[in-house]
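Reading through the structure tokens given below for one structure.
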Amino acid sequence: MNTQKTIVTIGAGIAGIESSVALSKLGYRVILVEKDKTIGGKINNYYHLFPNNRPAVDIKNYMDEQCRIHDLTIYKNTEINKVQKKGERFSVTTSNDDILKADALLVATGFEYFNGMQKEEYGYKIYDNVITSIDLEEKLRSGKQITTAQGKEPKRIAFVHCVGSRDEKSGNHYCSRLCCITGVKQAMELNSRFPNSLVYCFYIDLRMYSMEYESLYRSAQEKFGIQFIRGKVSEVSENKEGTLQIKAEDTLSGRPLRMEMDLVVLLVGMVPGQGTEKMKSVAALESNSHGFLESNDWQLHKNSSSQPGIFLTGACNGPMSIDETMEHARSAAFEVHTYLQNHSKHE
């Protein structure tokens, strides 16, 4: 019976692929629609993963293999332009003018990174030695040499937490949840590469909600000598030599700080993706106060949307780690399966 049912999954990142694989295993026909020319989503941008320092390419290879094994139908370089529901079925029009028929839709449009340029006081894209955590991850992943703009090994490195999260000016009042542990991971990585460097993390408060994350935080201090300073950075400026001056406040001691750095890394948070914004209009989905897609029932049916037959998975629903995304994707597959089985009984 399941082979007669079709699900269209919108987004072929981790969440979209994992949920589609689970549905394929249950005997459903699954069509994946991906706006980019490659699948995998943000996993393509990462180097090592916390908390075990696993190469991100392991996850990417797993995703590629699962797509091959289960022979998933994938439309790449394709967006969704229109969603219509006729009776109990959906008609989905793509940017290539294909019309896909489906018994259920699964939205997995993911997230984007906060644009560091919106925080002008930090000098991103103004000063060459100010980069984001995404820029740094790309350098690590691609094997590029990490130097200052002047071609020198950085001796003093600062990580600035909560850039674009919990921030009144940017309008994002929520915690992205993963910036803190990303900063710890990257600080340890740079200290390993530059053992004679001084690495600082400027934070509001550290949110290490996993047991493994707390262990990494302790290790960063005890084994790597990372210095954590509780204080909000107010401004980054450039000296004549190209080095950077940070103005901050140590809120533990109540003292203002002015420190010189060779490299500043902005830990940018997660924001709703363009695909998520588009799905609000084309599928009449509701969003929460932060712009992510709203669940129909936060406690009991988090994968269900406000529209019957349309389900949510992954970071379109809010910031998530990779392991949480995998669990959320499998949960979404079960929700879709339950919905379709209940409808089959009434046909």
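All residue names refer to the structure tokens as shown: chains lettered A, B, ... in order, residues numbered from 1 in each chain, ligands numbered from 1 in order.
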Next on the checklist: Residues within 12 Å of Ile131 in chain A, please, as a PyMOL selection string. Count only C-alpha atoms; anything in the same chain fewer than 2 positions from it doesn't count.
Outcome noted: chain A and resi 115-117+122-129+133-139+146-149+157-160+163+236+244+262-268
Next on the checklist: Between A:Gly273, A:Gly254, A:Thr243, A:Asn81, which residue has the minimum interatomic distance to Asp97 in chain A, considering only C-alpha atoms?
Outcome noted: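 Comparing A:Gly273, A:Gly254, A:Thr243, A:Asn81 against Asp97 in chain A, the winner is A:Asn81.
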Item to check | Backbone DSSP call of strand (DSSP E or B) for range 54-283 of chain A, listed as a VMD selection string | outcome: chain A and resid 54 to 55 73 to 75 80 to 86 89 to 94 99 to 102 104 to 107 111 to 113 130 to 132 156 to 163 167 172 198 to 203 227 to 230 233 to 238 244 to 250 255 to 261 263 to 268 270 to 272
Checklist entry - Which of these, A:Leu340, A:Met326, A:Met188, A:Ile31, has the shortest distance to His70 in chain A once you count only C-alpha atoms? => result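 That would be A:Ile31, the residue with the smallest distance to His70 in chain A.
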Checklist entry - Within 9 Å of range 55-68 of chain A, counting only C-alpha atoms, which residues qualify if same-chain residues fewer than 5 places away don't, as a ChimeraX atom specification? => result /A:13-14,17-18,20-21,39-40,43-49,73-74,141
Checklist entry - Using only C-alpha atoms, which of the listed residues (A:Gly318, A:Gly231, A:Pro154, A:Gly171) sits closest to Glu260 in chain A? => result A:Pro154
Item to check | alpha helix (DSSP H) residues, from DSSP on the backbone, in range 63-249 of chain A, as a ChimeraX atom specification | outcome: /A:63-69,133-142,179-193,211-222
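Using only C-alpha atoms, the smallest distance between any of A:Leu72, A:Ala284, A:Leu178, A:Ile204 and Leu252 in chain A comes from A:Ile204.
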Item to check | 7 Å contact set for Ala187 in chain A, only C-alpha atoms, chain neighbours under 4 positions out, as a ChimeraX atom specification | outcome: /A:183,191,199
Write out, as a PDB file, in the first residue's frame, the residues just selected, with N, CA and C atoms.
ATOM      1  N   GLY A 183      32.513  27.897  18.954  1.00  0.00           N
ATOM      2  CA  GLY A 183      33.649  28.713  19.350  1.00  0.00           C
ATOM      3  C   GLY A 183      34.685  27.919  20.118  1.00  0.00           C
ATOM      4  N   ASN A 191      44.366  26.761  18.486  1.00  0.00           N
ATOM      5  CA  ASN A 191      45.443  26.630  19.464  1.00  0.00           C
ATOM      6  C   ASN A 191      46.336  25.437  19.141  1.00  0.00           C
ATOM      7  N   VAL A 199      44.581  32.637  22.749  1.00  0.00           N
ATOM      8  CA  VAL A 199      43.232  32.588  22.192  1.00  0.00           C
ATOM      9  C   VAL A 199      42.236  32.990  23.281  1.00  0.00           C
TER      10      VAL A 199
END
Could I get the residues of range 96-116 of chain A with an atom no further than 9 Å from an atom of range 275-280 of chain A, each paired with its nearest atom pair and that distance in Å to one decimal, using only C-alpha atoms, sorted by chain and residue number, as CSV?
residue,atom,partner,partner_atom,distance
A:Val107,CA,A:Met279,CA,8.0
A:Ala108,CA,A:Thr276,CA,8.2
A:Thr109,CA,A:Thr276,CA,5.4
A:Gly110,CA,A:Thr276,CA,7.0
A:Phe111,CA,A:Thr276,CA,7.6
Checklist entry - Using only C-alpha atoms, which residues sit within 8 Å of Ala102 in chain A once same-chain residues fewer than 5 positions away are excluded, as number ranges by chain? => result A: 5-8, 89-92
Same residues, N, CA and C atoms, output as a CSV table (one decimal), in the first residue's frame:
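Final output, selection-v7.csv:
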chain,number,residue,atom,x,y,z
A,5,LYS,N,1.8,5.7,-2.3
A,5,LYS,CA,1.8,7.0,-1.7
A,5,LYS,C,3.1,7.7,-2.0
A,6,THR,N,3.0,9.0,-2.3
A,6,THR,CA,4.2,9.8,-2.7
A,6,THR,C,4.3,11.0,-1.7
A,7,ILE,N,5.6,11.2,-1.3
A,7,ILE,CA,5.9,12.3,-0.4
A,7,ILE,C,6.9,13.2,-1.2
A,8,VAL,N,6.7,14.5,-1.2
A,8,VAL,CA,7.6,15.5,-1.7
A,8,VAL,C,8.3,16.1,-0.6
A,89,ARG,N,-4.8,15.4,-1.7
A,89,ARG,CA,-3.5,15.4,-2.4
A,89,ARG,C,-3.0,16.8,-2.7
A,90,PHE,N,-1.7,16.9,-2.9
A,90,PHE,CA,-1.1,18.1,-3.2
A,90,PHE,C,-0.6,18.2,-4.6
A,91,SER,N,-0.6,19.3,-5.2
A,91,SER,CA,0.0,19.6,-6.5
A,91,SER,C,1.1,20.6,-6.3
A,92,VAL,N,2.3,20.2,-6.6
A,92,VAL,CA,3.5,21.1,-6.4
A,92,VAL,C,4.1,21.5,-7.7
Checklist entry - Hey, what's within 9 Å of Gln118 in chain A if we count only C-alpha atoms and toss same-chain stuff fewer than 4 positions away? As a PyMOL selection string, please? => result chain A and resi 114+124+164+170
Item to check | Pick from A:Gly27, A:Gly41, A:Gly269, A:Pro308 nearest to Gly11 in chain A, counting only C-alpha atoms | outcome: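 When distances to Gly11 in chain A are compared using only C-alpha atoms, the smallest one comes from A:Gly41.
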